[in-house]
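Enquirer: Input data.cif, format and content: mmCIF, C-alpha atoms and all ligand atoms.
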```
data_coords
#
loop_
_atom_site.label_atom_id
_atom_site.label_comp_id
_atom_site.auth_asym_id
_atom_site.auth_seq_id
_atom_site.Cartn_x
_atom_site.Cartn_y
_atom_site.Cartn_z
CA MET A 1 -52.69 -14.32 187.22
CA ALA A 2 -50.95 -13.88 183.88
CA ALA A 3 -53.46 -16.04 182.03
CA GLN A 4 -56.30 -13.48 182.41
CA HIS A 5 -56.88 -10.75 179.83
CA ASP A 6 -54.27 -8.09 180.50
CA ALA A 7 -55.44 -4.86 178.81
CA PRO A 8 -52.37 -2.70 179.65
CA LEU A 9 -50.05 -5.43 178.34
CA GLU A 10 -51.96 -5.75 175.06
CA THR A 11 -52.14 -2.00 174.61
CA LEU A 12 -48.43 -1.62 175.35
CA PHE A 13 -47.73 -3.69 172.25
CA LEU A 14 -50.42 -1.98 170.14
CA PRO A 15 -48.01 0.54 168.51
CA PHE A 16 -46.02 -2.43 167.17
CA ALA A 17 -49.03 -4.61 166.29
CA SER A 18 -50.56 -1.70 164.34
CA GLY A 19 -47.33 -0.75 162.57
CA VAL A 20 -47.09 2.75 164.13
CA LEU A 21 -43.71 1.73 165.58
CA SER A 22 -41.39 -0.92 164.24
CA TRP A 23 -40.07 -3.63 166.50
CA PRO A 24 -36.25 -3.31 166.74
CA ALA A 25 -33.69 -5.95 165.86
CA GLY A 26 -31.57 -5.08 168.93
CA PRO A 27 -32.01 -6.04 172.59
CA VAL A 28 -35.30 -5.19 174.29
CA LEU A 29 -35.83 -4.58 178.00
CA PHE A 30 -39.23 -4.91 179.68
CA LEU A 31 -39.54 -3.23 183.11
CA ARG A 32 -42.35 -4.47 185.41
CA ALA A 33 -42.84 -7.13 182.78
CA ARG A 34 -45.83 -9.44 182.65
CA ASP A 35 -46.18 -12.55 180.54
CA GLY A 36 -48.73 -12.86 177.75
CA ALA A 37 -49.25 -13.57 174.06
CA PRO A 38 -47.93 -10.16 172.81
CA LEU A 39 -44.44 -11.04 174.03
CA ARG A 40 -44.39 -14.21 171.95
CA GLU A 41 -45.84 -12.39 168.94
CA HIS A 42 -43.07 -9.76 168.87
CA ALA A 43 -39.88 -10.79 170.67
CA GLN A 44 -37.33 -13.18 169.20
CA PRO A 45 -35.95 -15.86 171.52
CA GLY A 46 -33.01 -14.35 173.42
CA GLN A 47 -33.92 -10.77 172.49
CA LEU A 48 -35.95 -9.87 175.55
CA VAL A 49 -34.80 -9.24 179.14
CA CYS A 50 -37.54 -8.81 181.74
CA GLU A 51 -37.46 -7.24 185.20
CA GLN A 52 -40.18 -8.13 187.66
CA SER A 53 -40.01 -8.02 191.48
CA PHE A 54 -43.47 -9.56 192.09
CA ARG A 55 -42.87 -13.28 192.30
CA PRO A 56 -46.06 -14.66 190.68
CA PHE A 57 -45.42 -12.51 187.59
CA ALA A 58 -41.70 -13.38 187.55
CA ASP A 59 -42.58 -17.09 187.80
CA ALA A 60 -45.02 -16.81 184.88
CA LEU A 61 -42.38 -15.09 182.73
CA GLU A 62 -39.77 -17.72 183.51
CA ALA A 63 -42.24 -20.54 182.90
CA SER A 64 -42.69 -19.12 179.37
CA GLY A 65 -38.94 -19.14 178.86
CA TRP A 66 -38.21 -15.40 179.19
CA THR A 67 -35.06 -14.16 180.90
CA VAL A 68 -35.85 -12.41 184.19
CA ARG A 69 -33.25 -10.17 185.88
CA ASP A 70 -33.44 -8.07 189.02
CA GLU A 71 -32.51 -4.41 189.42
CA GLN A 72 -28.98 -5.13 190.69
CA GLN A 73 -28.26 -7.50 187.82
CA LEU A 74 -29.42 -4.91 185.28
CA ALA A 75 -27.34 -2.20 186.94
CA ALA A 76 -24.24 -4.40 186.70
CA ASP A 77 -24.84 -5.20 183.01
CA PRO A 78 -23.50 -2.67 180.46
CA THR A 79 -26.13 -3.62 177.81
CA ARG A 80 -28.21 -0.67 176.61
CA TYR A 81 -31.50 -1.42 174.91
CA ALA A 82 -32.98 -0.41 171.56
CA LEU A 83 -36.42 -0.52 173.17
CA VAL A 84 -37.42 -0.24 176.82
CA LEU A 85 -41.00 -1.31 177.52
CA VAL A 86 -42.55 -0.22 180.82
CA LEU A 87 -45.77 -1.09 182.66
CA PRO A 88 -45.56 1.70 185.25
CA PRO A 89 -46.96 1.11 188.73
CA ARG A 90 -49.83 3.21 190.05
CA GLN A 91 -47.71 4.93 192.73
CA ARG A 92 -46.47 8.12 191.08
CA GLU A 93 -43.03 8.55 192.71
CA GLU A 94 -42.26 4.93 191.96
CA ALA A 95 -43.39 5.38 188.34
CA LYS A 96 -41.28 8.51 187.90
CA ALA A 97 -38.21 6.71 189.26
CA LEU A 98 -38.90 3.88 186.83
CA PHE A 99 -39.07 6.29 183.87
CA ALA A 100 -35.71 7.75 184.90
CA ARG A 101 -34.23 4.26 185.01
CA ALA A 102 -35.83 3.32 181.66
CA LEU A 103 -34.12 6.32 180.04
CA ALA A 104 -30.77 5.42 181.60
CA LEU A 105 -31.04 1.88 180.23
CA ALA A 106 -32.03 2.89 176.69
CA ALA A 107 -29.35 2.86 173.97
CA PRO A 108 -28.63 6.02 171.94
CA GLY A 109 -31.48 6.28 169.42
CA GLY A 110 -33.60 3.84 171.47
CA ILE A 111 -37.14 4.55 172.65
CA VAL A 112 -39.14 4.07 175.84
CA VAL A 113 -42.74 2.85 175.45
CA ALA A 114 -45.11 2.79 178.43
CA CYS A 115 -48.76 1.89 178.97
CA GLN A 116 -51.23 2.29 181.81
CA HIS A 117 -54.92 1.76 182.37
CA ASN A 118 -56.89 5.01 182.50
CA ASN A 119 -57.83 4.22 186.11
CA GLU A 120 -54.25 3.55 187.08
CA GLY A 121 -52.59 6.87 186.35
CA ALA A 122 -52.37 6.87 182.51
CA ARG A 123 -52.87 10.61 182.23
CA SER A 124 -50.25 11.55 184.84
CA GLY A 125 -47.87 8.88 183.53
CA GLU A 126 -48.05 10.31 180.03
CA GLY A 127 -47.51 13.83 181.41
CA ASP A 128 -44.52 12.69 183.44
CA LEU A 129 -42.78 10.96 180.54
CA GLN A 130 -43.46 13.99 178.37
CA GLN A 131 -41.92 16.30 180.98
CA LEU A 132 -38.85 14.08 181.26
CA ALA A 133 -38.10 13.27 177.63
CA GLY A 134 -40.81 14.61 175.32
CA LEU A 135 -43.37 12.40 173.58
CA GLY A 136 -43.01 10.69 170.24
CA GLY A 137 -46.63 9.58 170.09
CA LYS A 138 -49.53 7.84 171.82
CA LEU A 139 -52.43 5.44 171.19
CA THR A 140 -55.48 4.57 173.27
CA LYS A 141 -57.49 1.37 173.37
CA ASN A 142 -58.97 -1.03 175.96
CA HIS A 143 -59.37 1.95 178.41
CA CYS A 144 -55.57 2.13 178.34
CA ARG A 145 -53.07 4.63 177.03
CA SER A 146 -49.82 3.67 175.36
CA TYR A 147 -47.29 6.52 175.00
CA TRP A 148 -43.66 6.72 173.97
CA THR A 149 -40.63 8.93 173.55
CA ALA A 150 -39.03 9.93 170.25
CA PRO A 151 -35.67 8.18 169.56
CA LEU A 152 -33.47 9.23 172.49
CA ASN A 153 -30.35 11.13 171.60
CA GLY A 154 -29.57 12.87 174.86
CA GLN A 155 -32.38 15.43 174.49
CA HIS A 156 -34.08 14.49 177.76
CA ASP A 157 -33.87 16.57 180.93
CA ALA A 158 -30.82 14.96 182.59
CA ALA A 159 -31.09 16.96 185.84
CA LEU A 160 -34.76 15.97 186.21
CA ALA A 161 -33.93 12.32 185.46
CA GLN A 162 -31.29 12.39 188.19
CA ARG A 163 -33.79 13.80 190.71
CA TRP A 164 -36.53 11.34 189.74
CA ALA A 165 -34.19 8.34 189.91
CA THR A 166 -34.18 8.49 193.72
CA LEU A 167 -37.86 9.33 194.25
CA ASP A 168 -38.67 5.78 195.35
CA ALA A 169 -35.48 5.22 197.34
CA PRO A 170 -35.72 3.48 200.73
CA ARG A 171 -36.02 5.90 203.64
CA PRO A 172 -36.88 5.94 207.35
CA ILE A 173 -40.60 6.28 208.14
CA LEU A 174 -42.64 6.78 211.31
CA GLY A 175 -39.88 8.56 213.20
CA GLY A 176 -37.23 6.10 212.03
CA ARG A 177 -39.00 2.93 213.30
CA PHE A 178 -38.94 1.32 209.84
CA GLN A 179 -37.24 1.59 206.49
CA SER A 180 -39.76 1.74 203.65
CA ARG A 181 -40.18 3.05 200.10
CA PRO A 182 -42.99 4.29 197.85
CA GLY A 183 -44.97 1.67 196.00
CA ILE A 184 -45.04 -1.17 198.51
CA PHE A 185 -48.18 -1.89 200.55
CA ALA A 186 -49.08 0.98 202.96
CA TRP A 187 -45.55 2.22 202.46
CA ASP A 188 -45.57 5.23 204.82
CA ARG A 189 -48.01 4.14 207.52
CA ILE A 190 -49.20 1.30 209.68
CA ASP A 191 -52.16 -0.41 208.06
CA PRO A 192 -55.15 -0.14 210.49
CA ALA A 193 -56.00 -3.84 210.06
CA SER A 194 -52.43 -4.83 210.96
CA ALA A 195 -52.55 -2.43 213.93
CA LEU A 196 -55.67 -4.25 215.19
CA LEU A 197 -53.87 -7.59 214.98
CA VAL A 198 -50.87 -6.22 216.87
CA GLU A 199 -53.05 -4.74 219.64
CA GLN A 200 -54.56 -8.17 220.27
CA LEU A 201 -51.41 -10.20 219.72
CA PRO A 202 -51.06 -12.68 222.60
CA ALA A 203 -47.63 -12.43 224.27
CA ASP A 204 -47.52 -16.24 224.58
CA LEU A 205 -46.95 -16.91 220.87
CA ALA A 206 -43.86 -19.09 220.99
CA GLY A 207 -41.60 -21.39 219.00
CA ARG A 208 -41.39 -21.20 215.23
CA GLY A 209 -43.69 -18.80 213.42
CA ALA A 210 -44.37 -17.43 209.97
CA ASP A 211 -45.68 -14.14 208.58
CA LEU A 212 -47.51 -14.65 205.28
CA GLY A 213 -47.43 -11.56 203.05
CA ALA A 214 -44.94 -9.84 205.36
CA GLY A 215 -44.65 -6.50 203.52
CA PHE A 216 -41.88 -4.34 205.02
CA GLY A 217 -42.02 -6.47 208.16
CA TYR A 218 -44.39 -4.58 210.47
CA LEU A 219 -46.17 -7.64 211.92
CA SER A 220 -42.91 -9.59 212.22
CA VAL A 221 -41.19 -6.75 214.08
CA GLU A 222 -44.09 -6.55 216.51
CA VAL A 223 -44.20 -10.33 217.01
CA LEU A 224 -40.51 -10.41 217.89
CA SER A 225 -40.83 -7.37 220.15
CA ARG A 226 -43.89 -8.59 222.06
CA CYS A 227 -43.52 -12.39 222.21
CA PRO A 228 -40.27 -13.37 223.97
CA GLY A 229 -40.88 -17.11 223.42
CA VAL A 230 -40.52 -16.85 219.64
CA THR A 231 -37.35 -18.68 218.57
CA ALA A 232 -37.69 -18.52 214.77
CA LEU A 233 -39.69 -16.50 212.27
CA ASP A 234 -40.06 -17.01 208.52
CA LEU A 235 -41.24 -14.10 206.41
CA PHE A 236 -42.95 -14.92 203.10
CA GLU A 237 -43.50 -12.07 200.66
CA ALA A 238 -44.09 -11.96 196.90
CA GLU A 239 -42.84 -8.39 196.38
CA GLY A 240 -39.04 -8.45 196.43
CA ARG A 241 -38.74 -4.73 197.13
CA ALA A 242 -40.82 -5.13 200.30
CA LEU A 243 -38.95 -8.25 201.43
CA ALA A 244 -35.58 -6.47 201.12
CA LEU A 245 -36.89 -3.80 203.49
CA ALA A 246 -38.25 -6.40 205.91
CA ARG A 247 -34.79 -7.89 206.07
CA GLU A 248 -33.36 -4.51 207.11
CA ASN A 249 -36.16 -3.78 209.57
CA LEU A 250 -35.77 -7.11 211.34
CA ALA A 251 -31.97 -6.92 211.40
CA ALA A 252 -32.23 -3.51 213.08
CA LEU A 253 -34.28 -5.08 215.88
CA GLY A 254 -31.32 -7.23 216.96
CA LYS A 255 -33.46 -10.07 218.40
CA PRO A 256 -31.83 -13.49 218.70
CA ALA A 257 -34.57 -15.42 216.81
CA LEU A 258 -33.65 -17.38 213.68
CA LEU A 259 -34.99 -15.46 210.69
CA GLY A 260 -35.89 -16.66 207.19
CA PHE A 261 -36.78 -14.43 204.25
CA HIS A 262 -38.63 -16.05 201.36
CA TRP A 263 -39.39 -14.30 198.09
CA GLN A 264 -42.32 -16.53 197.38
CA ASP A 265 -45.86 -16.77 196.08
CA VAL A 266 -47.71 -18.04 199.14
CA THR A 267 -50.61 -19.27 197.03
CA ALA A 268 -48.22 -21.86 195.54
CA GLY A 269 -47.76 -23.37 199.01
CA ILE A 270 -45.05 -23.06 201.65
CA GLU A 271 -42.70 -25.51 203.24
CA GLY A 272 -42.43 -25.80 207.00
CA GLN A 273 -44.19 -26.76 210.20
CA TYR A 274 -45.11 -23.78 212.31
CA ASP A 275 -46.35 -23.24 215.85
CA PHE A 276 -48.09 -20.04 214.81
CA ILE A 277 -48.78 -17.92 211.75
CA VAL A 278 -49.69 -14.24 211.54
CA THR A 279 -51.12 -12.78 208.36
CA ASN A 280 -52.91 -9.81 206.87
CA PRO A 281 -53.47 -11.47 203.48
CA PRO A 282 -53.80 -9.62 200.19
CA PHE A 283 -57.21 -9.71 198.54
CA HIS A 284 -56.36 -8.13 195.23
CA THR A 285 -53.68 -8.26 192.56
CA PRO A 286 -51.11 -5.47 192.17
CA SER A 287 -53.51 -3.83 189.67
CA ARG A 288 -56.20 -3.82 192.39
CA ALA A 289 -58.56 -6.34 190.82
CA ASP A 290 -60.60 -7.93 193.64
CA ARG A 291 -59.36 -11.45 194.29
CA PRO A 292 -60.71 -12.86 197.58
CA ASP A 293 -59.51 -16.27 196.38
CA ILE A 294 -55.92 -15.15 197.11
CA GLY A 295 -56.74 -14.61 200.80
CA GLN A 296 -58.68 -17.88 200.85
CA ARG A 297 -55.64 -19.68 199.49
CA PHE A 298 -53.44 -18.04 202.16
CA ILE A 299 -55.77 -19.52 204.79
CA ALA A 300 -55.61 -23.03 203.30
CA VAL A 301 -51.81 -22.82 203.00
CA ALA A 302 -51.52 -21.59 206.61
CA ALA A 303 -53.65 -24.49 207.85
CA GLN A 304 -51.42 -26.98 206.03
CA ALA A 305 -48.24 -25.41 207.40
CA LEU A 306 -49.31 -25.35 211.07
CA ARG A 307 -48.55 -28.12 213.52
CA PRO A 308 -51.57 -29.77 215.12
CA GLY A 309 -52.71 -27.31 217.76
CA GLY A 310 -50.89 -24.45 216.02
CA ARG A 311 -52.61 -21.07 215.84
CA MET A 312 -53.18 -18.61 213.02
CA TRP A 313 -53.91 -14.95 213.72
CA LEU A 314 -55.48 -13.39 210.65
CA VAL A 315 -56.88 -9.92 210.10
CA ALA A 316 -59.12 -9.02 207.17
CA ASN A 317 -61.79 -6.66 205.93
CA ARG A 318 -65.04 -7.79 207.52
CA HIS A 319 -66.81 -8.33 204.18
CA LEU A 320 -64.30 -10.85 202.82
CA PRO A 321 -65.75 -14.36 202.44
CA TYR A 322 -63.23 -16.32 204.49
CA GLU A 323 -65.52 -18.18 206.91
CA GLN A 324 -66.11 -21.27 204.77
CA ILE A 325 -62.43 -21.96 204.18
CA LEU A 326 -61.60 -21.12 207.81
CA ASN A 327 -64.16 -23.62 209.10
CA ALA A 328 -63.12 -26.27 206.59
CA SER A 329 -59.40 -25.90 207.37
CA PHE A 330 -59.26 -25.36 211.14
CA GLY A 331 -60.56 -27.16 214.21
CA GLN A 332 -61.51 -23.99 216.07
CA VAL A 333 -62.25 -20.57 214.69
CA ARG A 334 -63.19 -17.50 216.71
CA VAL A 335 -63.52 -13.79 216.04
CA ALA A 336 -61.08 -12.28 218.53
CA ALA A 337 -61.92 -8.63 217.73
CA GLU A 338 -63.82 -6.43 215.27
CA ARG A 339 -63.22 -2.75 214.58
CA ASP A 340 -63.58 -0.19 211.79
CA GLY A 341 -64.70 -2.75 209.24
CA PHE A 342 -61.98 -5.29 210.09
CA LYS A 343 -62.23 -8.68 211.74
CA LEU A 344 -59.46 -10.42 213.65
CA ILE A 345 -59.63 -14.21 213.59
CA GLU A 346 -57.86 -16.72 215.77
CA ALA A 347 -57.96 -20.18 214.17
CA THR A 348 -56.46 -23.28 215.75
CA ARG A 349 -55.48 -26.34 213.76
CA MET A 350 -57.08 -29.55 214.83
CA LYS A 351 -54.96 -31.88 216.91
CA ASP A 352 -53.86 -34.83 214.77
CA THR A 353 -56.51 -37.51 214.51
CA GLY A 354 -54.16 -39.98 212.88
CA ARG A 355 -55.52 -39.30 209.38
CA ALA A 356 -52.94 -38.57 206.72
CA ARG A 357 -52.67 -34.87 206.08
CA GLU A 358 -52.54 -33.44 202.57
CA PRO A 359 -48.94 -32.26 202.17
CA ALA A 360 -48.43 -28.53 201.60
CA ARG A 361 -47.69 -27.94 197.93
CA VAL A 362 -44.12 -26.84 197.68
CA LYS A 363 -42.87 -24.56 194.99
CA ASP A 364 -39.60 -25.65 193.50
CA SER A 365 -37.26 -22.71 193.82
CA PRO A 366 -33.85 -23.77 192.57
CA ARG A 367 -32.64 -20.34 191.47
CA SER A 368 -30.79 -18.09 193.79
CA ARG A 369 -32.34 -14.66 194.05
CA ASN A 370 -31.05 -11.51 195.64
CA TRP A 371 -34.18 -11.36 197.75
CA ASP A 372 -33.74 -14.96 198.89
CA ARG A 373 -30.23 -14.53 200.18
CA ALA A 374 -29.85 -15.34 203.85
C1 LIG A 401 -52.23 -6.54 203.23
S1 LIG A 401 -50.49 -6.56 202.90
C2 LIG A 401 -49.82 -6.88 204.53
C3 LIG A 401 -48.38 -6.42 204.68
C4 LIG A 401 -47.80 -6.50 206.10
N1 LIG A 401 -47.90 -7.83 206.65
C5 LIG A 401 -48.49 -5.54 207.02
O1 LIG A 401 -49.21 -6.02 207.88
O2 LIG A 401 -48.34 -4.33 206.88
C6 LIG A 401 -50.31 -8.08 202.02
C7 LIG A 401 -48.91 -8.37 201.52
O3 LIG A 401 -48.95 -9.59 200.77
C8 LIG A 401 -48.09 -9.49 199.66
N2 LIG A 401 -48.56 -10.45 198.64
C9 LIG A 401 -49.46 -10.25 197.64
N3 LIG A 401 -49.66 -11.39 196.96
C10 LIG A 401 -48.85 -12.31 197.52
C11 LIG A 401 -48.59 -13.68 197.23
N4 LIG A 401 -49.23 -14.32 196.25
N5 LIG A 401 -47.69 -14.34 198.01
C12 LIG A 401 -47.04 -13.69 199.00
N6 LIG A 401 -47.25 -12.41 199.32
C13 LIG A 401 -48.14 -11.72 198.59
C14 LIG A 401 -48.19 -8.05 199.24
O4 LIG A 401 -47.07 -7.65 198.48
C15 LIG A 401 -48.31 -7.33 200.58
O5 LIG A 401 -47.05 -6.95 201.07
#
```
Go ahead and render the structure in this file as structure tokens.
Ligand SMILES: C[S@@+](CC[C@H](N)C(=O)[O-])C[C@H]1O[C@@H](n2cnc3c(N)ncnc32)[C@H](O)[C@@H]1O
Expert:
Amino acid sequence: MAAQHDAPLETLFLPFASGVLSWPAGPVLFLRARDGAPLREHAQPGQLVCEQSFRPFADALEASGWTVRDEQQLAADPTRYALVLVLPPRQREEAKALFARALALAAPGGIVVACQHNNEGARSGEGDLQQLAGLGGKLTKNHCRSYWTAPLNGQHDAALAQRWATLDAPRPILGGRFQSRPGIFAWDRIDPASALLVEQLPADLAGRGADLGAGFGYLSVEVLSRCPGVTALDLFEAEGRALALARENLAALGKPALLGFHWQDVTAGIEGQYDFIVTNPPFHTPSRADRPDIGQRFIAVAAQALRPGGRMWLVANRHLPYEQILNASFGQVRVAAERDGFKLIEATRMKDTGRAREPARVKDSPRSRNWDRA
């Protein structure tokens, strides 16, 4: 994902590339960091610390040699940064909380520089940072807006920063059924496609299962509640903030099944042999670019990770082109239900014919992560 042209990333660095701002000699922090050429053009080795909770982006940063830390690690580290770069998310409460954290992590005299695409909240983002700390300047290019504070010397609105810092905090939703937080997928509701899958979920799913793209754990909670024969369930999710909530939501259920939580990019392959898989796969990147190939890859990975005879229950928007990969990867495919523009597919892996199976590609994951902890 990082290899494609990334307009907000390029425009974030524009004030430095054009000489409007000078790149500091001190430590630099990059919140919601993404990898790309501008990082190499500006940052010295060892100068930059990145935070990124979406695994594919974090993997790309680490593959390029950048240091990636999570929120807890940054909170425990007393370093304050001469420059804090931010690619704010589209969700406004989450973005405001991130601005408050950026200010708290900036050194005296440091600055915060942010950039958003015009279609992803640039105008409100600029207004929010201005309200919090005042603006030092702005530039526009590539349909994006880069904006920054003046050197910070305690002149920001501290009471507002304190209020904004908790705007994206985890909280109970739907009458206390789940813990969730702004910014993750369908954060304060049940997604209608997932609801369709749950309505049709057969109670005889049993043995070891997996939930690919588990979000805050809605499908997994329902599987464990409705299918008493399930003995183990592995949740795979690329967004660490969502996976942490899934861990809480499943623990609260108190079911005896063996649970695994994997902060992982499913498109890179998964390890395991499953009796069943449930999934409502993503079909776009976090910046909402259409990417049906991600869902297609989820299907291929699911097929490889199922035992012969194992079943996948998948729900998707009806228009998504999944049929070819479904038919190529599974022995039997049927549409189990259709409603409101969604299709629910049951796909069964062929019984073994004796032919060698292509092994699932496994991502090496030697580092210990907060989100991976059992
Ligand atoms: C359509 S949502 C479904 C969430 C949840 N299962 C539900 O039903 O409410 C897809 C989920 O996949 C996650 N995701 C996106 N790309 C991913 C990837 N490459 N690997 C693993 N998970 C990914 C997203 O963060 C999101 O939580």
Enquirer: Between atom CA of Pro15 of chain A and atom CA of Ile111 of chain A, measure the distance and give it in Å to one decimal.
Expert: 12.3 Å
Enquirer: Enumerate residues in contact with ligand LIG 401 (chain A): an atom-to-atom distance of at most 9 Å, counting all atoms listed in the file. Format the result as an MDAnalysis selection string.
Expert: chainID A and resid 54:56 184:187 189:195 197 211:220 236:243 263:268 278:286 294:295 297:298 315:316
Enquirer: Within 6 Å of (-48.3, 3.1, 174.9), in the coordinates the file gives, what residues turn up when you count all atoms listed in the file, written out as a list in words?
Expert: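 Output of the proximity query reads Leu12, Val113, Ala114, Cys115, Lys138, Arg145, Ser146, Tyr147 and Trp148 of chain A.
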Enquirer: Kindly export the residues of the current selection with C-alpha atoms, as a PDB file, in the frame of the given file.
Expert:
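What landed in selection31.pdb:
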```pdb
ATOM      1  CA  LEU A  12     -48.430  -1.620 175.350  1.00  0.00           C
ATOM      2  CA  VAL A 113     -42.740   2.850 175.450  1.00  0.00           C
ATOM      3  CA  ALA A 114     -45.110   2.790 178.430  1.00  0.00           C
ATOM      4  CA  CYS A 115     -48.760   1.890 178.970  1.00  0.00           C
ATOM      5  CA  LYS A 138     -49.530   7.840 171.820  1.00  0.00           C
ATOM      6  CA  ARG A 145     -53.070   4.630 177.030  1.00  0.00           C
ATOM      7  CA  SER A 146     -49.820   3.670 175.360  1.00  0.00           C
ATOM      8  CA  TYR A 147     -47.290   6.520 175.000  1.00  0.00           C
ATOM      9  CA  TRP A 148     -43.660   6.720 173.970  1.00  0.00           C
TER      10      TRP A 148
END
```
Enquirer: Select, from A:His262, A:Lys343, A:His156, A:Arg90, the residue with the minimum atom-to-atom distance to Trp313 of chain A, counting all atoms listed in the file.
Expert: A:Lys343
Enquirer: Looking at only C-alpha atoms, which of A:Pro172, A:Pro202, A:Pro8, A:Pro292 is the one that sits closest to Thr140 of chain A?
Expert: A:Pro8
Enquirer: So how many Å separate atom CA of Leu129 of chain A and atom CA of Gly36 of chain A, to one decimal?
Expert: 24.7 Å
Enquirer: In Å, how far is it from atom CA of Thr166 of chain A to atom CA of Gly125 of chain A?
Expert: 17.1 Å
Enquirer: Go through A:Gly26, A:Arg226, A:Ala133, A:Ala7 and flag the residue nearest Gln116 of chain A, using only C-alpha atoms for the distances.
Expert: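 Of A:Gly26, A:Arg226, A:Ala133, A:Ala7, the one nearest Gln116 of chain A, counting only C-alpha atoms, is A:Ala7.
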